[in-house]
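K.L.:
Below is input.pdb; it holds PDB, C-alpha atoms, pLDDT in the B column.
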ATOM      1  CA  MET A  29      43.901 123.528  72.436  1.00 58.00           C
ATOM      2  CA  GLN A  30      44.830 119.852  72.753  1.00 59.00           C
ATOM      3  CA  ASN A  31      48.220 120.508  71.162  1.00 67.00           C
ATOM      4  CA  LEU A  32      48.847 123.283  73.670  1.00 66.00           C
ATOM      5  CA  LEU A  33      48.047 121.065  76.654  1.00 65.00           C
ATOM      6  CA  SER A  34      50.306 118.247  75.460  1.00 65.00           C
ATOM      7  CA  PHE A  35      53.134 120.625  74.499  1.00 63.00           C
ATOM      8  CA  ARG A  36      56.140 119.359  76.489  1.00 69.00           C
ATOM      9  CA  LEU A  37      58.027 122.685  76.652  1.00 72.00           C
ATOM     10  CA  LEU A  38      55.338 124.065  78.987  1.00 80.00           C
ATOM     11  CA  SER A  39      55.450 122.867  82.568  1.00 83.00           C
ATOM     12  CA  LYS A  40      52.623 120.768  83.996  1.00 82.00           C
ATOM     13  CA  ASN A  41      51.746 123.543  86.434  1.00 84.00           C
ATOM     14  CA  LEU A  42      51.392 126.012  83.584  1.00 86.00           C
ATOM     15  CA  ASN A  43      49.213 123.558  81.652  1.00 84.00           C
ATOM     16  CA  ILE A  44      46.990 123.137  84.709  1.00 85.00           C
ATOM     17  CA  LYS A  45      46.693 126.924  84.980  1.00 87.00           C
ATOM     18  CA  ILE A  46      45.713 127.045  81.295  1.00 84.00           C
ATOM     19  CA  TYR A  47      43.087 124.377  81.956  1.00 85.00           C
ATOM     20  CA  LYS A  48      41.699 126.296  84.933  1.00 86.00           C
ATOM     21  CA  THR A  49      41.615 129.661  83.145  1.00 88.00           C
ATOM     22  CA  ILE A  50      40.465 128.663  79.670  1.00 84.00           C
ATOM     23  CA  ILE A  51      38.430 125.468  79.980  1.00 82.00           C
ATOM     24  CA  LEU A  52      36.871 125.630  83.464  1.00 83.00           C
ATOM     25  CA  PRO A  53      35.270 129.080  82.954  1.00 85.00           C
ATOM     26  CA  VAL A  54      32.950 127.318  80.495  1.00 83.00           C
ATOM     27  CA  LEU A  55      31.166 126.196  83.665  1.00 82.00           C
ATOM     28  CA  TYR A  56      29.753 129.710  84.090  1.00 85.00           C
ATOM     29  CA  GLY A  57      26.097 129.254  84.989  1.00 84.00           C
ATOM     30  CA  CYS A  58      26.512 125.607  86.010  1.00 84.00           C
ATOM     31  CA  GLU A  59      24.629 126.400  89.231  1.00 83.00           C
ATOM     32  CA  THR A  60      21.379 126.009  87.336  1.00 83.00           C
ATOM     33  CA  TRP A  61      22.243 122.780  85.546  1.00 84.00           C
ATOM     34  CA  SER A  62      20.194 119.726  86.415  1.00 81.00           C
ATOM     35  CA  LEU A  63      22.730 116.998  85.703  1.00 83.00           C
ATOM     36  CA  THR A  64      21.932 113.359  85.220  1.00 84.00           C
ATOM     37  CA  LEU A  65      24.432 110.676  86.173  1.00 87.00           C
ATOM     38  CA  ARG A  66      25.235 110.146  82.500  1.00 92.00           C
ATOM     39  CA  GLU A  67      26.100 113.824  82.061  1.00 90.00           C
ATOM     40  CA  GLU A  68      28.237 113.782  85.202  1.00 90.00           C
ATOM     41  CA  ARG A  69      30.126 110.777  83.857  1.00 93.00           C
ATOM     42  CA  LYS A  70      30.698 112.535  80.522  1.00 93.00           C
ATOM     43  CA  LEU A  71      32.098 115.583  82.316  1.00 92.00           C
ATOM     44  CA  ARG A  72      34.465 113.384  84.345  1.00 92.00           C
ATOM     45  CA  VAL A  73      35.593 111.570  81.203  1.00 93.00           C
ATOM     46  CA  PHE A  74      36.306 114.915  79.527  1.00 91.00           C
ATOM     47  CA  GLU A  75      38.298 116.161  82.499  1.00 91.00           C
ATOM     48  CA  ASN A  76      40.302 112.935  82.705  1.00 92.00           C
ATOM     49  CA  MET A  77      41.053 113.192  78.991  1.00 90.00           C
ATOM     50  CA  VAL A  78      42.412 116.733  79.459  1.00 89.00           C
ATOM     51  CA  LEU A  79      44.449 115.710  82.503  1.00 90.00           C
ATOM     52  CA  ARG A  80      45.918 112.735  80.637  1.00 90.00           C
ATOM     53  CA  ARG A  81      47.084 115.138  77.945  1.00 87.00           C
ATOM     54  CA  ILE A  82      48.652 117.394  80.553  1.00 87.00           C
ATOM     55  CA  PHE A  83      50.427 114.700  82.605  1.00 87.00           C
ATOM     56  CA  GLY A  84      51.244 112.403  79.680  1.00 84.00           C
ATOM     57  CA  PRO A  85      51.907 108.665  79.823  1.00 83.00           C
ATOM     58  CA  ARG A  86      53.788 106.922  82.634  1.00 83.00           C
ATOM     59  CA  ARG A  87      56.577 104.420  82.193  1.00 81.00           C
ATOM     60  CA  ASP A  88      55.715 101.028  83.632  1.00 78.00           C
ATOM     61  CA  GLU A  89      58.402  99.867  86.090  1.00 80.00           C
ATOM     62  CA  VAL A  90      58.121  96.202  85.115  1.00 81.00           C
ATOM     63  CA  THR A  91      58.001  96.311  81.325  1.00 83.00           C
ATOM     64  CA  GLY A  92      59.512  99.759  80.741  1.00 80.00           C
ATOM     65  CA  GLU A  93      56.743 100.647  78.290  1.00 84.00           C
ATOM     66  CA  GLY A  94      54.601 103.744  78.390  1.00 83.00           C
ATOM     67  CA  ARG A  95      51.027 103.374  79.597  1.00 86.00           C
ATOM     68  CA  ARG A  96      48.010 105.587  80.213  1.00 87.00           C
ATOM     69  CA  LEU A  97      47.458 106.981  83.671  1.00 89.00           C
ATOM     70  CA  HIS A  98      44.684 105.383  85.685  1.00 88.00           C
ATOM     71  CA  ASN A  99      41.921 107.559  87.121  1.00 88.00           C
ATOM     72  CA  GLU A 100      43.250 107.167  90.671  1.00 87.00           C
ATOM     73  CA  GLU A 101      46.690 108.323  89.548  1.00 88.00           C
ATOM     74  CA  LEU A 102      45.129 111.346  87.854  1.00 88.00           C
ATOM     75  CA  ASN A 103      43.266 112.219  91.052  1.00 85.00           C
ATOM     76  CA  ASP A 104      46.518 112.007  93.006  1.00 86.00           C
ATOM     77  CA  LEU A 105      48.407 114.194  90.536  1.00 88.00           C
ATOM     78  CA  TYR A 106      45.636 116.788  90.156  1.00 86.00           C
ATOM     79  CA  SER A 107      45.128 118.037  93.677  1.00 83.00           C
ATOM     80  CA  SER A 108      42.082 120.237  92.953  1.00 85.00           C
ATOM     81  CA  PRO A 109      38.496 118.923  93.220  1.00 86.00           C
ATOM     82  CA  ASN A 110      37.176 117.315  90.056  1.00 86.00           C
ATOM     83  CA  ILE A 111      34.796 119.083  87.709  1.00 89.00           C
ATOM     84  CA  VAL A 112      31.663 117.417  89.098  1.00 89.00           C
ATOM     85  CA  ARG A 113      32.580 118.456  92.664  1.00 88.00           C
ATOM     86  CA  VAL A 114      32.975 122.068  91.479  1.00 89.00           C
ATOM     87  CA  ILE A 115      29.551 122.001  89.814  1.00 89.00           C
ATOM     88  CA  LYS A 116      27.901 120.485  92.889  1.00 89.00           C
ATOM     89  CA  SER A 117      29.425 123.014  95.268  1.00 89.00           C
ATOM     90  CA  ARG A 118      28.386 125.923  93.046  1.00 90.00           C
ATOM     91  CA  ARG A 119      24.879 124.482  92.825  1.00 89.00           C
ATOM     92  CA  MET A 120      24.722 124.212  96.625  1.00 90.00           C
ATOM     93  CA  ARG A 121      25.925 127.804  97.036  1.00 91.00           C
ATOM     94  CA  TRP A 122      23.271 129.029  94.610  1.00 90.00           C
ATOM     95  CA  ALA A 123      20.577 126.957  96.353  1.00 89.00           C
ATOM     96  CA  GLY A 124      21.486 128.599  99.649  1.00 90.00           C
ATOM     97  CA  HIS A 125      21.316 132.041  98.102  1.00 90.00           C
ATOM     98  CA  VAL A 126      17.899 131.411  96.543  1.00 89.00           C
ATOM     99  CA  ALA A 127      16.450 129.726  99.631  1.00 88.00           C
ATOM    100  CA  ARG A 128      17.375 132.759 101.767  1.00 89.00           C
ATOM    101  CA  MET A 129      15.448 135.086  99.450  1.00 88.00           C
ATOM    102  CA  GLY A 130      12.058 136.255 100.541  1.00 79.00           C
ATOM    103  CA  GLU A 131       8.834 134.614  99.406  1.00 80.00           C
ATOM    104  CA  GLU A 132       7.962 137.637  97.278  1.00 83.00           C
ATOM    105  CA  ARG A 133      10.942 137.021  94.971  1.00 87.00           C
ATOM    106  CA  SER A 134      10.108 135.151  91.789  1.00 83.00           C
ATOM    107  CA  VAL A 135      13.263 132.994  91.933  1.00 84.00           C
ATOM    108  CA  TYR A 136      12.235 131.650  95.338  1.00 82.00           C
ATOM    109  CA  SER A 137       8.719 130.917  94.127  1.00 79.00           C
ATOM    110  CA  VAL A 138      10.170 128.935  91.222  1.00 79.00           C
ATOM    111  CA  LEU A 139      12.296 126.940  93.695  1.00 78.00           C
ATOM    112  CA  VAL A 140       9.466 125.918  96.010  1.00 75.00           C
ATOM    113  CA  GLY A 141       6.485 126.291  93.669  1.00 73.00           C
ATOM    114  CA  LYS A 142       4.583 123.541  91.955  1.00 73.00           C
ATOM    115  CA  PRO A 143       3.749 123.889  88.270  1.00 72.00           C
ATOM    116  CA  GLU A 144       0.096 123.738  87.405  1.00 78.00           C
ATOM    117  CA  GLY A 145      -1.419 121.900  84.516  1.00 80.00           C
ATOM    118  CA  LYS A 146      -1.280 118.400  83.228  1.00 81.00           C
ATOM    119  CA  ARG A 147       1.991 116.508  83.332  1.00 76.00           C
ATOM    120  CA  PRO A 148       3.171 115.004  80.042  1.00 78.00           C
ATOM    121  CA  LEU A 149       3.450 111.266  79.609  1.00 83.00           C
ATOM    122  CA  TRP A 150       6.593 109.293  80.506  1.00 81.00           C
ATOM    123  CA  ARG A 151       8.932 109.743  83.388  1.00 76.00           C
ATOM    124  CA  PRO A 152       9.265 113.308  84.669  1.00 73.00           C
ATOM    125  CA  ARG A 153      12.529 115.067  84.021  1.00 72.00           C
ATOM    126  CA  ARG A 154      15.056 115.355  86.780  1.00 73.00           C
ATOM    127  CA  ARG A 155      14.348 118.471  88.783  1.00 77.00           C
ATOM    128  CA  TRP A 156      17.007 120.802  90.114  1.00 81.00           C
ATOM    129  CA  VAL A 157      15.838 120.301  93.706  1.00 81.00           C
ATOM    130  CA  TYR A 158      16.409 116.542  93.363  1.00 83.00           C
ATOM    131  CA  ASN A 159      20.053 117.268  92.570  1.00 83.00           C
ATOM    132  CA  ILE A 160      20.338 119.344  95.738  1.00 85.00           C
ATOM    133  CA  ARG A 161      18.863 116.509  97.801  1.00 85.00           C
ATOM    134  CA  MET A 162      21.219 113.976  96.223  1.00 85.00           C
ATOM    135  CA  ASP A 163      24.199 116.260  96.910  1.00 85.00           C
ATOM    136  CA  LEU A 164      23.115 116.444 100.543  1.00 85.00           C
ATOM    137  CA  GLN A 165      22.759 112.662 100.709  1.00 85.00           C
ATOM    138  CA  GLU A 166      26.379 112.274  99.616  1.00 82.00           C
ATOM    139  CA  VAL A 167      27.548 114.019 102.781  1.00 78.00           C
ATOM    140  CA  GLY A 168      24.966 112.256 104.971  1.00 79.00           C
ATOM    141  CA  CYS A 169      22.390 115.048 105.232  1.00 78.00           C
ATOM    142  CA  GLY A 170      19.721 113.762 102.866  1.00 72.00           C
ATOM    143  CA  TYR A 171      17.101 113.567 105.576  1.00 70.00           C
ATOM    144  CA  MET A 172      17.433 117.239 106.569  1.00 74.00           C
ATOM    145  CA  ASP A 173      15.101 120.133 105.879  1.00 82.00           C
ATOM    146  CA  TRP A 174      17.677 121.875 103.727  1.00 84.00           C
ATOM    147  CA  ILE A 175      15.675 125.081 103.298  1.00 84.00           C
ATOM    148  CA  GLY A 176      15.728 125.474 107.089  1.00 85.00           C
ATOM    149  CA  LEU A 177      19.419 124.570 107.196  1.00 86.00           C
ATOM    150  CA  VAL A 178      20.243 127.303 104.674  1.00 88.00           C
ATOM    151  CA  GLN A 179      19.159 130.061 107.049  1.00 89.00           C
ATOM    152  CA  ASP A 180      22.322 129.608 109.113  1.00 89.00           C
ATOM    153  CA  ARG A 181      25.019 130.781 106.723  1.00 91.00           C
ATOM    154  CA  ASP A 182      27.986 129.345 108.617  1.00 91.00           C
ATOM    155  CA  ARG A 183      26.483 125.871 108.765  1.00 88.00           C
ATOM    156  CA  TRP A 184      25.519 125.994 105.103  1.00 89.00           C
ATOM    157  CA  ARG A 185      28.986 127.213 104.125  1.00 90.00           C
ATOM    158  CA  ALA A 186      30.524 124.257 105.976  1.00 88.00           C
ATOM    159  CA  LEU A 187      28.144 121.917 104.179  1.00 87.00           C
ATOM    160  CA  VAL A 188      29.020 123.421 100.774  1.00 88.00           C
ATOM    161  CA  SER A 189      32.674 122.925 101.610  1.00 88.00           C
ATOM    162  CA  ALA A 190      31.927 119.317 102.524  1.00 85.00           C
ATOM    163  CA  VAL A 191      30.218 118.778  99.167  1.00 84.00           C
ATOM    164  CA  MET A 192      33.207 120.307  97.368  1.00 83.00           C
ATOM    165  CA  ASN A 193      35.724 118.135  99.198  1.00 82.00           C
ATOM    166  CA  LEU A 194      33.392 115.136  99.667  1.00 68.00           C
ATOM    167  CA  ARG A 195      34.114 114.937 103.327  1.00 45.00           C
ATOM    168  CA  VAL A 196      31.968 115.866 106.278  1.00 39.00           C
ATOM    169  CA  PRO A 197      33.492 118.686 108.354  1.00 41.00           C
ATOM    170  CA  ARG A 198      34.837 117.914 111.819  1.00 43.00           C
ATOM    171  CA  ASN A 199      31.978 119.697 113.566  1.00 45.00           C
ATOM    172  CA  ALA A 200      29.328 118.119 111.345  1.00 43.00           C
ATOM    173  CA  GLY A 201      27.539 116.551 114.286  1.00 43.00           C
ATOM    174  CA  ASN A 202      26.981 119.971 115.834  1.00 45.00           C
ATOM    175  CA  PHE A 203      25.118 121.563 112.965  1.00 42.00           C
ATOM    176  CA  LEU A 204      23.543 118.473 111.432  1.00 44.00           C
ATOM    177  CA  THR A 205      21.770 117.398 114.616  1.00 44.00           C
ATOM    178  CA  SER A 206      20.228 120.821 115.128  1.00 45.00           C
ATOM    179  CA  CYS A 207      18.067 120.496 112.003  1.00 45.00           C
ATOM    180  CA  LYS A 208      14.747 118.750 111.980  1.00 44.00           C
ATOM    181  CA  PRO A 209      14.609 115.528 109.953  1.00 43.00           C
ATOM    182  CA  VAL A 210      12.287 115.280 106.989  1.00 42.00           C
ATOM    183  CA  SER A 211      10.703 112.108 105.702  1.00 43.00           C
ATOM    184  CA  PHE A 212      11.309 111.419 102.028  1.00 40.00           C
ATOM    185  CA  SER A 213       8.402 109.495 100.699  1.00 44.00           C
ATOM    186  CA  ARG A 214       7.583 109.387  97.016  1.00 42.00           C
ATOM    187  CA  ARG A 215       4.935 112.041  97.605  1.00 44.00           C
ATOM    188  CA  THR A 216       7.409 114.272  99.452  1.00 43.00           C
ATOM    189  CA  LEU A 217       9.902 114.092  96.594  1.00 42.00           C
ATOM    190  CA  HIS A 218       7.196 114.943  94.106  1.00 44.00           C
ATOM    191  CA  ASP A 219       5.378 117.678  96.035  1.00 48.00           C
ATOM    192  CA  GLY A 220       8.306 119.229  97.875  1.00 47.00           C
ATOM    193  CA  ILE A 221       9.350 119.301 101.499  1.00 44.00           C
ATOM    194  CA  SER A 222       6.588 118.572 103.985  1.00 41.00           C
ATOM    195  CA  LYS A 223       6.199 121.065 106.777  1.00 40.00           C
TER
END
Starting from the file, give its structure as structure tokens.

P.N.:
Amino acid sequence: MQNLLSFRLLSKNLNIKIYKTIILPVLYGCETWSLTLREERKLRVFENMVLRRIFGPRRDEVTGEGRRLHNEELNDLYSSPNIVRVIKSRRMRWAGHVARMGEERSVYSVLVGKPEGKRPLWRPRRRWVYNIRMDLQEVGCGYMDWIGLVQDRDRWRALVSAVMNLRVPRNAGNFLTSCKPVSFSRRTLHDGISK
């Protein structure tokens, strides 16, 4: 695969299409992943490695020697959202779908339920809901009751788009102010959203 992506007879656009059709579909099911920051960094490093193979080295204007592309240059050349943005937007879409399900559905009960029994020693693992809250914090909505926000599909769709593009939509003030704020204490993060 790496020889195919660095093959110079294929155009860069064709190599990007190969990347999107062969490598990115591996993300199937990424909606349920609970990623740590270390795993996100590893995914970004992998994507940058593939993009460096596709775009190749750049000639330095001063010395005339070839050099590796910097991450900012890769982001400018590759106009699509990076792999972590894609995962976060898919996770947000799935969270909206599950939160709109009825309380009788088992998937919804897993989302809002609390496991019984004794917790093992050490730090608890990162929960999927924490990832959703962190994704919302990135676009400035971390204090919102996101399960209530999900009920309006248009607002949620705009928020998912904002997470994908890492920019708040133009009418963000309209739909963000209509949601009730939620306090995030340590107990709230552990037990779930307070009502």

K.L.:
What does the structure give for the distance between CA of Leu71 (chain A) and CA of Leu42 (chain A), in Å to one decimal?

P.N.:
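Interatomic distance here is 22.0 Å.
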
K.L.:
Would you compute the distance between CA of Val167 (chain A) and CA of Thr49 (chain A)? Give it in Å to one decimal.

P.N.:
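Spanning CA of Val167 (chain A) to CA of Thr49 (chain A) is a straight-line distance of 28.8 Å.
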
K.L.:
Which of these, A:Arg161, A:Arg181, A:Lys48, A:Arg72, has the shortest distance to Val112 (chain A) once you count all atoms listed in the file?

P.N.:
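Smallest distance to Val112 (chain A) is found for A:Arg72.
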
K.L.:
Using all atoms listed in the file, which of A:Tyr47, A:Asn193, A:Trp184, A:Glu144 sits nearest Arg128 (chain A)?

P.N.:
A:Trp184

K.L.:
Between A:Leu52, A:Leu177, A:Cys169, A:Met77, which one has atoms that come closest to Ile115 (chain A), using all atoms listed in the file?

P.N.:
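Between A:Leu52, A:Leu177, A:Cys169, A:Met77, the residue approaching Ile115 (chain A) most closely is A:Leu52.
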
K.L.:
Report, in Å with one decimal, the straight-line distance from CA of Val188 (chain A) to CA of Arg118 (chain A).

P.N.:
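Taking CA of Val188 (chain A) and CA of Arg118 (chain A), their separation equals 8.1 Å.
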
K.L.:
Using all atoms listed in the file, can you tell me which of A:Ile46, A:Trp61, A:Met129, A:Asn41 comes closest to Arg155 (chain A)?

P.N.:
A:Trp61

K.L.:
With only C-alpha atoms as the atoms that count, which of A:Leu187, A:Leu55, A:Ile44, A:Ile160 lies nearest to Ser108 (chain A)?

P.N.:
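Of A:Leu187, A:Leu55, A:Ile44, A:Ile160, the one nearest Ser108 (chain A), counting only C-alpha atoms, is A:Ile44.
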
K.L.:
What does the PyMOL selection byres ((chain A and resi 64) around 12) select in this file, as a list in words?

P.N.:
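Applying the expression gives Trp61, Ser62, Leu63, Leu65, Arg66, Glu67, Glu68, Arg69, Lys70, Leu71, Val112, Arg153, Arg154, Arg155, Trp156, Tyr158, Asn159 and Met162 of chain A.
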
K.L.:
Using all atoms listed in the file for the distances, tell me which of A:Ala190, A:Met120, A:Ile50, A:Leu79 is nearest to Glu101 (chain A).

P.N.:
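Ranking A:Ala190, A:Met120, A:Ile50, A:Leu79 by distance to Glu101 (chain A), first place goes to A:Leu79.
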
K.L.:
Select all residues near (50.5, 106.6, 81.5) (cut-off 8 Å, inclusive, file coordinates), counting all atoms listed in the file, and output them as a compact mmCIF listing (two decimals) with C-alpha atoms, keeping the file's coordinate frame.

P.N.:
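Printed below is part-v6.txt as written:
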# COMPACT_ATOMS: atom_id res chain seq x y z
CA ARG A 80 45.92 112.74 80.64
CA GLY A 84 51.24 112.40 79.68
CA PRO A 85 51.91 108.66 79.82
CA ARG A 86 53.79 106.92 82.63
CA ARG A 87 56.58 104.42 82.19
CA ASP A 88 55.72 101.03 83.63
CA GLY A 94 54.60 103.74 78.39
CA ARG A 95 51.03 103.37 79.60
CA ARG A 96 48.01 105.59 80.21
CA LEU A 97 47.46 106.98 83.67
CA HIS A 98 44.68 105.38 85.68

K.L.:
Return the padded bounding box of region 142-160 of chain A as JSON: axis-aligned, built from all atoms listed in the file, 5 Å added on each side, with centre and edge lengths in Å to one decimal.

P.N.:
{"center_x": 9.5, "center_y": 116.6, "center_z": 87.7, "size_x": 31.8, "size_y": 24.6, "size_z": 26.1}
